[in-house]
$ cat query33.cif   # mmCIF, C-alpha atoms
data_input
loop_
_atom_site.group_PDB
_atom_site.id
_atom_site.type_symbol
_atom_site.label_atom_id
_atom_site.label_comp_id
_atom_site.auth_asym_id
_atom_site.auth_seq_id
_atom_site.Cartn_x
_atom_site.Cartn_y
_atom_site.Cartn_z
ATOM 1 C CA MET A 1 -14.527 -3.083 -17.271
ATOM 2 C CA PRO A 2 -15.036 -5.456 -20.232
ATOM 3 C CA LEU A 3 -12.656 -8.381 -20.197
ATOM 4 C CA ASP A 4 -11.068 -7.598 -23.563
ATOM 5 C CA GLU A 5 -10.002 -4.189 -22.272
ATOM 6 C CA TYR A 6 -7.745 -5.917 -19.789
ATOM 7 C CA THR A 7 -5.495 -7.150 -22.563
ATOM 8 C CA ASP A 8 -4.470 -3.561 -23.281
ATOM 9 C CA LEU A 9 -3.558 -2.808 -19.700
ATOM 10 C CA ALA A 10 0.014 -2.918 -18.486
ATOM 11 C CA ASP A 11 0.988 -5.502 -15.902
ATOM 12 C CA ASP A 12 1.324 -2.985 -13.085
ATOM 13 C CA ALA A 13 -2.114 -1.523 -13.817
ATOM 14 C CA LEU A 14 -3.571 -5.018 -13.693
ATOM 15 C CA LEU A 15 -1.756 -5.652 -10.447
ATOM 16 C CA ALA A 16 -3.311 -2.505 -8.970
ATOM 17 C CA LEU A 17 -6.745 -3.707 -10.068
ATOM 18 C CA TYR A 18 -6.007 -7.109 -8.608
ATOM 19 C CA SER A 19 -5.149 -5.614 -5.238
ATOM 20 C CA GLN A 20 -8.474 -3.760 -5.328
ATOM 21 C CA GLY A 21 -10.293 -7.065 -5.607
ATOM 22 C CA ASP A 22 -10.717 -7.342 -9.375
ATOM 23 C CA THR A 23 -10.969 -11.043 -10.195
ATOM 24 C CA ALA A 24 -10.699 -10.503 -13.953
ATOM 25 C CA ALA A 25 -7.353 -8.815 -13.396
ATOM 26 C CA ALA A 26 -6.216 -11.912 -11.490
ATOM 27 C CA ARG A 27 -7.166 -14.143 -14.407
ATOM 28 C CA THR A 28 -5.550 -11.888 -17.000
ATOM 29 C CA LEU A 29 -2.311 -11.663 -15.071
ATOM 30 C CA THR A 30 -2.280 -15.413 -14.596
ATOM 31 C CA THR A 31 -2.833 -16.048 -18.284
ATOM 32 C CA ARG A 32 -0.212 -13.500 -19.263
ATOM 33 C CA LEU A 33 2.576 -14.245 -16.809
ATOM 34 C CA THR A 34 2.310 -17.861 -15.690
ATOM 35 C CA PRO A 35 3.305 -19.427 -19.038
ATOM 36 C CA ARG A 36 6.434 -17.282 -19.130
ATOM 37 C CA VAL A 37 7.419 -18.142 -15.597
ATOM 38 C CA PHE A 38 6.644 -21.810 -16.031
ATOM 39 C CA GLY A 39 8.424 -21.982 -19.405
ATOM 40 C CA HIS A 40 11.559 -20.513 -17.936
ATOM 41 C CA ALA A 41 11.478 -22.796 -14.904
ATOM 42 C CA VAL A 42 10.899 -25.943 -16.907
ATOM 43 C CA ARG A 43 13.821 -25.200 -19.209
ATOM 44 C CA VAL A 44 16.157 -24.343 -16.378
ATOM 45 C CA LEU A 45 15.159 -27.215 -14.114
ATOM 46 C CA GLY A 46 14.291 -29.802 -16.751
ATOM 47 C CA ASP A 47 11.561 -31.105 -14.476
ATOM 48 C CA TRP A 48 7.882 -30.344 -15.011
ATOM 49 C CA ALA A 49 6.741 -30.976 -11.450
ATOM 50 C CA GLU A 50 9.476 -28.818 -9.988
ATOM 51 C CA ALA A 51 8.796 -26.133 -12.558
ATOM 52 C CA GLU A 52 5.161 -26.076 -11.473
ATOM 53 C CA ASP A 53 6.209 -25.655 -7.848
ATOM 54 C CA VAL A 54 8.530 -22.801 -8.747
ATOM 55 C CA ALA A 55 5.997 -21.068 -10.986
ATOM 56 C CA GLN A 56 3.257 -21.386 -8.397
ATOM 57 C CA ASP A 57 5.549 -20.039 -5.699
ATOM 58 C CA ALA A 58 6.633 -17.117 -7.881
ATOM 59 C CA MET A 59 3.053 -16.216 -8.735
ATOM 60 C CA MET A 60 2.031 -16.465 -5.086
ATOM 61 C CA ARG A 61 4.759 -13.990 -4.220
ATOM 62 C CA LEU A 62 3.362 -11.669 -6.868
ATOM 63 C CA TRP A 63 -0.122 -11.861 -5.347
ATOM 64 C CA LYS A 64 1.332 -11.120 -1.934
ATOM 65 C CA VAL A 65 3.324 -8.113 -3.067
ATOM 66 C CA ALA A 66 0.454 -6.668 -5.117
ATOM 67 C CA PRO A 67 -0.965 -4.292 -2.435
ATOM 68 C CA ASP A 68 2.465 -2.746 -1.900
ATOM 69 C CA TRP A 69 3.440 -2.545 -5.572
ATOM 70 C CA CYS A 70 4.577 0.940 -6.618
ATOM 71 C CA MET A 71 3.235 1.799 -10.043
ATOM 72 C CA GLY A 72 5.916 2.658 -12.580
ATOM 73 C CA GLU A 73 8.868 1.844 -10.367
ATOM 74 C CA ALA A 74 9.686 -1.613 -11.646
ATOM 75 C CA LYS A 75 8.511 -3.846 -14.437
ATOM 76 C CA VAL A 76 6.314 -6.611 -13.109
ATOM 77 C CA SER A 77 7.650 -9.225 -15.532
ATOM 78 C CA THR A 78 11.261 -8.335 -14.689
ATOM 79 C CA TRP A 79 10.527 -8.668 -10.983
ATOM 80 C CA LEU A 80 8.754 -11.960 -11.576
ATOM 81 C CA TYR A 81 11.558 -13.360 -13.712
ATOM 82 C CA ARG A 82 14.041 -12.409 -10.992
ATOM 83 C CA VAL A 83 11.993 -14.259 -8.390
ATOM 84 C CA THR A 84 11.766 -17.270 -10.700
ATOM 85 C CA VAL A 85 15.485 -17.233 -11.460
ATOM 86 C CA ASN A 86 16.289 -17.153 -7.748
ATOM 87 C CA LEU A 87 13.843 -19.928 -6.938
ATOM 88 C CA CYS A 88 15.348 -22.069 -9.714
ATOM 89 C CA THR A 89 18.837 -21.334 -8.423
ATOM 90 C CA ASP A 90 17.818 -22.403 -4.921
ATOM 91 C CA ARG A 91 16.392 -25.655 -6.251
ATOM 92 C CA LEU A 92 19.469 -26.435 -8.303
ATOM 93 C CA ARG A 93 21.719 -25.665 -5.352
ATOM 94 C CA ARG A 94 19.807 -27.988 -3.090
ATOM 95 C CA LYS A 95 19.890 -30.670 -5.746
ATOM 96 C CA ARG A 96 23.587 -30.427 -6.403
ATOM 97 C CA GLY A 97 24.858 -29.483 -2.999
ATOM 98 C CA VAL A 98 27.708 -27.510 -4.516
ATOM 99 C CA GLY A 99 28.192 -23.872 -5.350
ATOM 100 C CA LEU A 100 27.009 -23.085 -8.817
ATOM 101 C CA ASP A 101 29.952 -20.847 -9.507
ATOM 102 C CA GLU A 102 32.241 -23.794 -8.967
ATOM 103 C CA VAL A 103 30.979 -25.393 -12.151
ATOM 104 C CA ASP A 104 33.511 -24.596 -14.801
ATOM 105 C CA GLU A 105 33.187 -24.366 -18.501
ATOM 106 C CA PRO A 106 33.598 -25.282 -21.255
ATOM 107 C CA LEU A 107 31.772 -28.538 -20.918
ATOM 108 C CA ASP A 108 32.645 -31.616 -22.835
ATOM 109 C CA PRO A 109 29.973 -32.719 -25.206
ATOM 110 C CA SER A 110 27.863 -34.990 -23.086
ATOM 111 C CA PRO A 111 27.171 -38.455 -24.444
ATOM 112 C CA SER A 112 23.901 -38.293 -22.597
ATOM 113 C CA VAL A 113 22.735 -35.684 -25.051
ATOM 114 C CA THR A 114 22.832 -38.158 -27.894
ATOM 115 C CA ASP A 115 21.624 -41.000 -25.741
ATOM 116 C CA GLN A 116 18.509 -39.097 -24.795
ATOM 117 C CA LEU A 117 17.855 -37.888 -28.252
ATOM 118 C CA GLN A 118 14.873 -39.235 -30.068
ATOM 119 C CA THR A 119 14.594 -38.733 -33.790
ATOM 120 C CA ARG A 120 11.720 -36.321 -33.627
ATOM 121 C CA GLU A 121 12.698 -34.677 -30.428
ATOM 122 C CA ARG A 122 14.754 -31.658 -31.292
ATOM 123 C CA MET A 123 13.358 -29.951 -28.301
ATOM 124 C CA ASP A 124 14.439 -32.760 -26.058
ATOM 125 C CA ALA A 125 17.926 -32.430 -27.482
ATOM 126 C CA LEU A 126 17.896 -28.722 -26.869
ATOM 127 C CA GLN A 127 16.627 -29.275 -23.356
ATOM 128 C CA ALA A 128 19.320 -31.841 -22.700
ATOM 129 C CA GLY A 129 21.925 -29.489 -24.141
ATOM 130 C CA LEU A 130 20.699 -26.675 -21.932
ATOM 131 C CA GLN A 131 21.038 -28.920 -18.905
ATOM 132 C CA THR A 132 24.742 -29.315 -19.617
ATOM 133 C CA LEU A 133 25.337 -25.575 -19.258
ATOM 134 C CA PRO A 134 26.371 -23.994 -15.984
ATOM 135 C CA GLU A 135 23.309 -22.578 -14.261
ATOM 136 C CA ARG A 136 23.988 -18.887 -14.878
ATOM 137 C CA GLN A 137 24.752 -19.447 -18.543
ATOM 138 C CA ARG A 138 21.631 -21.539 -18.877
ATOM 139 C CA GLN A 139 19.439 -18.873 -17.328
ATOM 140 C CA ALA A 140 20.987 -16.174 -19.506
ATOM 141 C CA VAL A 141 20.690 -18.194 -22.740
ATOM 142 C CA ILE A 142 17.062 -19.070 -22.031
ATOM 143 C CA LEU A 143 16.137 -15.500 -21.149
ATOM 144 C CA ARG A 144 17.913 -14.108 -24.200
ATOM 145 C CA HIS A 145 17.214 -16.620 -26.930
ATOM 146 C CA ILE A 146 13.998 -18.330 -25.898
ATOM 147 C CA GLU A 147 12.203 -15.796 -23.742
ATOM 148 C CA GLY A 148 13.454 -13.101 -26.115
ATOM 149 C CA LEU A 149 14.408 -10.528 -23.485
ATOM 150 C CA GLY A 150 16.906 -7.758 -24.093
ATOM 151 C CA ASN A 151 20.291 -7.704 -22.419
ATOM 152 C CA PRO A 152 19.488 -4.729 -20.135
ATOM 153 C CA GLU A 153 16.420 -6.510 -18.762
ATOM 154 C CA ILE A 154 18.361 -9.749 -18.293
ATOM 155 C CA ALA A 155 21.012 -7.745 -16.458
ATOM 156 C CA LYS A 156 18.350 -6.527 -14.046
ATOM 157 C CA ILE A 157 16.949 -10.017 -13.589
ATOM 158 C CA LEU A 158 20.316 -11.650 -12.953
ATOM 159 C CA GLU A 159 21.606 -8.583 -11.115
ATOM 160 C CA ILE A 160 24.761 -8.343 -13.187
ATOM 161 C CA SER A 161 26.072 -5.873 -15.747
ATOM 162 C CA THR A 162 24.927 -5.821 -19.360
ATOM 163 C CA GLU A 163 28.459 -6.724 -20.423
ATOM 164 C CA ALA A 164 28.358 -9.755 -18.159
ATOM 165 C CA VAL A 165 25.075 -10.798 -19.772
ATOM 166 C CA GLU A 166 26.622 -10.524 -23.226
ATOM 167 C CA SER A 167 29.546 -12.633 -22.099
ATOM 168 C CA LEU A 168 27.312 -15.228 -20.455
ATOM 169 C CA THR A 169 25.034 -15.626 -23.440
ATOM 170 C CA ALA A 170 27.917 -15.790 -25.921
ATOM 171 C CA ARG A 171 29.756 -18.423 -23.904
ATOM 172 C CA GLY A 172 26.508 -20.264 -23.258
ATOM 173 C CA LYS A 173 25.657 -20.383 -26.912
ATOM 174 C CA ARG A 174 29.092 -21.705 -27.833
ATOM 175 C CA ALA A 175 28.936 -24.333 -25.111
ATOM 176 C CA LEU A 176 25.448 -25.326 -26.230
ATOM 177 C CA ALA A 177 26.576 -25.712 -29.832
ATOM 178 C CA GLN A 178 29.429 -27.856 -28.601
ATOM 179 C CA ALA A 179 27.119 -29.978 -26.445
ATOM 180 C CA LEU A 180 24.715 -30.531 -29.320
ATOM 181 C CA ALA A 181 27.380 -31.343 -31.914
ATOM 182 C CA PRO A 182 27.217 -35.127 -31.370
ATOM 183 C CA ALA A 183 23.475 -35.015 -31.905
ATOM 184 C CA CYS A 184 23.731 -33.000 -35.077
ATOM 185 C CA LYS A 185 22.615 -35.674 -37.524
ATOM 186 C CA LYS A 186 19.673 -36.672 -35.401
ATOM 187 C CA LEU A 187 18.699 -33.055 -35.234
ATOM 188 C CA GLY A 188 18.409 -33.118 -39.000
ATOM 189 C CA TYR A 189 21.439 -31.054 -39.938
ATOM 190 C CA GLU A 190 23.430 -32.373 -42.832
ATOM 191 C CA ASP A 191 26.894 -31.288 -41.758
ATOM 192 C CA ASP A 192 28.427 -32.689 -38.594
ATOM 193 C CA SER A 193 28.514 -29.468 -36.718
ATOM 194 C CA ILE A 194 25.796 -27.468 -35.171
ATOM 195 C CA MET B 195 39.755 -17.549 -40.277
ATOM 196 C CA THR B 196 39.142 -18.741 -43.832
ATOM 197 C CA ALA B 197 35.952 -18.132 -45.719
ATOM 198 C CA SER B 198 34.941 -21.776 -45.327
ATOM 199 C CA ASP B 199 35.559 -21.645 -41.569
ATOM 200 C CA LYS B 200 33.373 -18.599 -41.319
ATOM 201 C CA ASP B 201 30.625 -20.330 -43.269
ATOM 202 C CA THR B 202 30.738 -23.244 -40.844
ATOM 203 C CA VAL B 203 30.540 -20.959 -37.800
ATOM 204 C CA ASP B 204 27.650 -19.039 -39.305
ATOM 205 C CA LEU B 205 25.862 -22.251 -40.083
ATOM 206 C CA ASP B 206 26.358 -23.451 -36.509
ATOM 207 C CA MET B 207 24.858 -20.349 -35.028
ATOM 208 C CA ASN B 208 22.097 -20.268 -37.593
ATOM 209 C CA ALA B 209 21.176 -23.837 -36.776
ATOM 210 C CA LEU B 210 21.153 -23.050 -33.113
ATOM 211 C CA ASP B 211 19.050 -19.967 -33.717
ATOM 212 C CA ALA B 212 16.604 -22.137 -35.654
ATOM 213 C CA LEU B 213 16.379 -24.453 -32.666
ATOM 214 C CA PHE B 214 15.666 -21.488 -30.413
ATOM 215 C CA VAL B 215 12.861 -20.364 -32.702
ATOM 216 C CA GLU B 216 11.360 -23.831 -32.501
ATOM 217 C CA ALA B 217 11.730 -23.724 -28.742
ATOM 218 C CA VAL B 218 9.803 -20.457 -28.512
ATOM 219 C CA ASN B 219 6.840 -22.164 -30.122
ATOM 220 C CA ASP B 220 7.283 -25.430 -28.276
ATOM 221 C CA ALA B 221 3.937 -26.328 -26.766
ATOM 222 C CA SER B 222 5.432 -28.863 -24.396
ATOM 223 C CA THR B 223 6.726 -26.114 -22.150
ATOM 224 C CA GLN B 224 3.287 -24.597 -21.750
ATOM 225 C CA PRO B 225 1.622 -25.047 -18.375
ATOM 226 C CA SER B 226 -1.303 -27.436 -18.169
ATOM 227 C CA GLU B 227 -4.875 -26.262 -17.784
ATOM 228 C CA SER B 228 -5.086 -27.732 -14.319
ATOM 229 C CA PHE B 229 -1.950 -25.909 -13.256
ATOM 230 C CA MET B 230 -3.262 -22.607 -14.580
ATOM 231 C CA ALA B 231 -6.469 -23.216 -12.647
ATOM 232 C CA ARG B 232 -4.425 -23.762 -9.488
ATOM 233 C CA VAL B 233 -2.642 -20.454 -9.954
ATOM 234 C CA VAL B 234 -5.950 -18.631 -10.461
ATOM 235 C CA THR B 235 -7.306 -20.302 -7.329
ATOM 236 C CA ASP B 236 -4.266 -19.070 -5.389
ATOM 237 C CA ALA B 237 -4.781 -15.565 -6.726
ATOM 238 C CA LEU B 238 -8.451 -15.435 -5.806
ATOM 239 C CA ALA B 239 -7.842 -16.966 -2.388
ATOM 240 C CA ARG B 240 -5.183 -14.385 -1.652
ATOM 241 C CA GLN B 241 -7.450 -11.641 -2.922
ATOM 242 C CA SER B 242 -10.277 -12.625 -0.604
ATOM 243 C CA MET B 243 -8.063 -12.562 2.466
ATOM 244 C CA PRO B 244 -8.895 -9.619 4.739
ATOM 245 C CA LYS B 245 -6.480 -6.798 4.266
ATOM 246 C CA ILE B 246 -4.478 -5.880 7.318
ATOM 247 C CA ALA B 247 -4.542 -2.097 7.645
ATOM 248 C CA PRO B 248 -1.484 -0.427 9.133
ATOM 249 C CA PRO B 249 -2.047 0.512 12.806
ATOM 250 C CA SER B 250 -3.222 4.054 13.485
ATOM 251 C CA LEU B 251 -1.015 6.629 15.226
ATOM 252 C CA TRP B 252 -3.037 6.278 18.439
ATOM 253 C CA VAL B 253 -2.597 2.507 18.429
ATOM 254 C CA GLN B 254 1.144 2.928 17.833
ATOM 255 C CA ILE B 255 1.424 5.370 20.764
ATOM 256 C CA THR B 256 -0.498 3.146 23.164
ATOM 257 C CA ALA B 257 1.628 0.208 22.068
ATOM 258 C CA MET B 258 4.771 2.222 22.865
ATOM 259 C CA VAL B 259 3.718 2.786 26.480
ATOM 260 C CA GLY B 260 2.603 -0.787 27.015
ATOM 261 C CA GLY B 261 -0.892 -0.940 25.594
ATOM 262 C CA TRP B 262 -4.066 0.079 27.407
ATOM 263 C CA GLN B 263 -2.737 -0.935 30.814
ATOM 264 C CA GLY B 264 0.358 1.184 30.386
ATOM 265 C CA MET B 265 -1.693 4.051 29.035
ATOM 266 C CA GLY B 266 -4.065 3.826 32.035
ATOM 267 C CA GLY B 267 -1.182 3.979 34.460
ATOM 268 C CA LEU B 268 0.319 6.905 32.622
ATOM 269 C CA VAL B 269 -2.954 8.857 32.737
ATOM 270 C CA ALA B 270 -3.426 8.111 36.459
ATOM 271 C CA ALA B 271 0.108 9.230 37.255
ATOM 272 C CA THR B 272 -0.338 12.405 35.214
ATOM 273 C CA CYS B 273 -3.613 13.297 36.987
ATOM 274 C CA ALA B 274 -2.122 12.624 40.404
ATOM 275 C CA GLY B 275 0.898 14.772 39.627
ATOM 276 C CA PHE B 276 -1.283 17.593 38.346
ATOM 277 C CA TRP B 277 -3.492 17.501 41.428
ATOM 278 C CA ILE B 278 -0.534 17.501 43.794
ATOM 279 C CA GLY B 279 0.854 20.415 41.843
ATOM 280 C CA ILE B 280 -2.181 22.649 42.276
ATOM 281 C CA ASN B 281 -3.163 21.508 45.737
ATOM 282 C CA PRO B 282 -0.156 20.085 47.546
ATOM 283 C CA PRO B 283 -0.851 18.284 50.799
ATOM 284 C CA GLU B 284 0.353 19.853 54.016
ATOM 285 C CA GLY B 285 3.893 18.998 55.016
ATOM 286 C CA LEU B 286 4.984 18.575 51.425
ATOM 287 C CA PRO B 287 7.855 20.965 50.564
ATOM 288 C CA THR B 288 7.018 23.560 47.994
ATOM 289 C CA GLN B 289 8.611 23.378 44.628
ATOM 290 C CA LEU B 290 10.886 26.318 45.378
ATOM 291 C CA GLU B 291 12.163 24.752 48.580
ATOM 292 C CA THR B 292 12.852 21.546 46.764
ATOM 293 C CA PHE B 293 14.709 23.454 44.063
ATOM 294 C CA LEU B 294 16.864 25.402 46.532
ATOM 295 C CA GLY B 295 17.542 22.335 48.579
ATOM 296 C CA SER B 296 16.425 23.965 51.796
ATOM 297 C CA GLU B 297 15.119 21.892 54.602
ATOM 298 C CA THR B 298 12.432 22.543 57.133
ATOM 299 C CA SER B 299 13.704 25.082 59.591
ATOM 300 C CA VAL B 300 12.485 25.928 63.013
ATOM 301 C CA SER B 301 12.788 29.488 64.281
ATOM 302 C CA LEU B 302 13.984 29.643 67.859
ATOM 303 C CA LEU B 303 13.420 33.374 68.047
ATOM 304 C CA GLU B 304 10.288 35.199 68.552
ATOM 305 C CA ASP B 305 8.410 36.284 65.485
ATOM 306 C CA GLY B 306 9.530 39.661 64.117
ATOM 307 C CA ILE B 307 13.020 39.739 65.594
ATOM 308 C CA GLU B 308 14.751 38.648 62.450
ATOM 309 C CA ASP B 309 13.148 41.547 60.623
ATOM 310 C CA THR B 310 15.248 44.051 62.578
ATOM 311 C CA GLY B 311 18.385 42.926 60.850
ATOM 312 C CA ILE B 312 20.448 42.922 64.066
ATOM 313 C CA PHE B 313 21.940 39.587 63.239
ATOM 314 C CA GLY B 314 23.571 40.978 60.122
ATOM 315 C CA PHE B 315 22.101 38.398 57.813
ATOM 316 C CA GLY B 316 23.348 40.245 54.735
ATOM 317 C CA TRP B 317 26.861 40.552 56.135
ATOM 318 C CA ASP B 318 26.957 36.783 56.801
ATOM 319 C CA MET B 319 26.127 36.140 53.182
ATOM 320 C CA GLU B 320 28.937 38.395 52.021
ATOM 321 C CA GLU B 321 31.376 36.579 54.240
ATOM 322 C CA GLY B 322 30.382 33.459 52.464
#
$ encode --input "query33.cif" --output "structure tokens"
Amino acid sequence: MPLDEYTDLADDALLALYSQGDTAAARTLTTRLTPRVFGHAVRVLGDWAEAEDVAQDAMMRLWKVAPDWCMGEAKVSTWLYRVTVNLCTDRLRRKRGVGLDEVDEPLDPSPSVTDQLQTRERMDALQAGLQTLPERQRQAVILRHIEGLGNPEIAKILEISTEAVESLTARGKRALAQALAPACKKLGYEDDSI
Amino acid sequence: MTASDKDTVDLDMNALDALFVEAVNDASTQPSESFMARVVTDALARQSMPKIAPPSLWVQITAMVGGWQGMGGLVAATCAGFWIGINPPEGLPTQLETFLGSETSVSLLEDGIEDTGIFGFGWDMEEG
């Protein structure tokens, strides 16, 4: 099959080809899915090296499950995001040593947000702001507003109801706006609130 | 909520949305070339691993009885039982005797006497 035809194939079809020994399918899946997995991990963890570990682990699990994958039963990207979310959660738990649900909100605007902010680095400010959110809110906000997923898919990934996703993202967005407020001027916004 | 309050809230969320849009296109969260190469290497290495086929029904059955040794013992015992069944050695009680629980009996009378019925065998049975 010509390589450009692979771009039209769905993820599960590519996974089936991969399990049959198709190397081009392996490359296409890697190119398609790894940036999404890595992007999510790096935003959640705030650490590039750890994000690479998580993304590599998640992709390895995909390769392992490929021969047993049932076509049409689940969306590959949803499954992969769920694996990534869980791996990130495990890492954050080990790092903190406390239950994630024990972290309450709302958070006070962190001075570290402004401290870390560089004039050109809006993204750094956003990243720092995201790090101030409780883990579940952070995952939900990233999936919704940066990865661009719909609430039903996020609900499947986080294994919660759609209503809970809506609540998480709304609260997360408010908390993020609050966390970024001190950095508003450096972010280039004229008024003092973001 | 006044109109000015609403404007402020809208502006807040709009600004945040603008940041999200920038984040979507943020190249710094893209994986490096070397990392992508590592993932492809993993994929190809996994792909080249020999596939482990599920065990056949025969293999599963032999495993249940203890592998080839168990299966050999089972076959030997079956053959021996079959042979004893069709050609029992002398002195071995017949199946019927075993079933009825009778034991080897020795007749103290001469052959043919019991056939006359003088001992009232049937009557004894009725008496219980």
$ residues_around --input "query33.cif" --residues "Met123 in chain A" --least-positions-apart "2" --cutoff "9 Å" --atoms "all atoms listed in the file" --output "PDB file with C-alpha atoms, in the frame of the given file"
ATOM      1  CA  ARG A 120      11.720 -36.321 -33.627  1.00  0.00           C
ATOM      2  CA  GLU A 121      12.698 -34.677 -30.428  1.00  0.00           C
ATOM      3  CA  ALA A 125      17.926 -32.430 -27.482  1.00  0.00           C
ATOM      4  CA  LEU A 126      17.896 -28.722 -26.869  1.00  0.00           C
ATOM      5  CA  GLN A 127      16.627 -29.275 -23.356  1.00  0.00           C
ATOM      6  CA  ALA A 128      19.320 -31.841 -22.700  1.00  0.00           C
TER       7      ALA A 128
ATOM      8  CA  LEU B 213      16.379 -24.453 -32.666  1.00  0.00           C
ATOM      9  CA  GLU B 216      11.360 -23.831 -32.501  1.00  0.00           C
ATOM     10  CA  ALA B 217      11.730 -23.724 -28.742  1.00  0.00           C
ATOM     11  CA  ASP B 220       7.283 -25.430 -28.276  1.00  0.00           C
ATOM     12  CA  SER B 222       5.432 -28.863 -24.396  1.00  0.00           C
TER      13      SER B 222
END
$ interface_residues --input "query33.cif" --of "chain A" --to "chain B" --cutoff "7 Å" --atoms "all atoms listed in the file" --output "ChimeraX atom specification"
/A:19,21,23,26-27,30,35,38-39,42,56,60,63,123,145-146,177,193-194
$ write_last_selection --input "query33.cif" --atoms "C-alpha atoms" --output "compact mmCIF listing (two decimals), in the frame of the given file"
# COMPACT_ATOMS: atom_id res chain seq x y z
CA SER A 19 -5.15 -5.61 -5.24
CA GLY A 21 -10.29 -7.06 -5.61
CA THR A 23 -10.97 -11.04 -10.20
CA ALA A 26 -6.22 -11.91 -11.49
CA ARG A 27 -7.17 -14.14 -14.41
CA THR A 30 -2.28 -15.41 -14.60
CA PRO A 35 3.30 -19.43 -19.04
CA PHE A 38 6.64 -21.81 -16.03
CA GLY A 39 8.42 -21.98 -19.40
CA VAL A 42 10.90 -25.94 -16.91
CA GLN A 56 3.26 -21.39 -8.40
CA MET A 60 2.03 -16.46 -5.09
CA TRP A 63 -0.12 -11.86 -5.35
CA MET A 123 13.36 -29.95 -28.30
CA HIS A 145 17.21 -16.62 -26.93
CA ILE A 146 14.00 -18.33 -25.90
CA ALA A 177 26.58 -25.71 -29.83
CA SER A 193 28.51 -29.47 -36.72
CA ILE A 194 25.80 -27.47 -35.17
$ resolve_selection --input "query33.cif" --expression "the PyMOL selection byres ((chain A and resi 88) around 8)" --output "PyMOL selection string"
chain A and resi 41+44-45+54+84-87+89-92
$ closest_residue --input "query33.cif" --among "A:Ala16, A:Gly148, A:Ala181, A:Thr162" --to "Cys70 in chain A" --atoms "all atoms listed in the file"
A:Ala16
$ atom_distance --input "query33.cif" --atom1 "CA of Arg82 in chain A" --atom2 "CA of Glu227 in chain B"
24.4 Å
$ atom_distance --input "query33.cif" --atom1 "CA of Ile255 in chain B" --atom2 "CA of Cys273 in chain B"
18.7 Å
$ atom_distance --input "query33.cif" --atom1 "CA of Val37 in chain A" --atom2 "CA of Glu52 in chain A"
9.2 Å
$ resolve_selection --input "query33.cif" --expression "the PyMOL selection byres ((chain A and resi 139) around 10)" --output "number ranges by chain"
A: 40-41, 43-45, 85, 88-89, 130, 133-138, 140-144, 154, 157-158, 168-169, 172
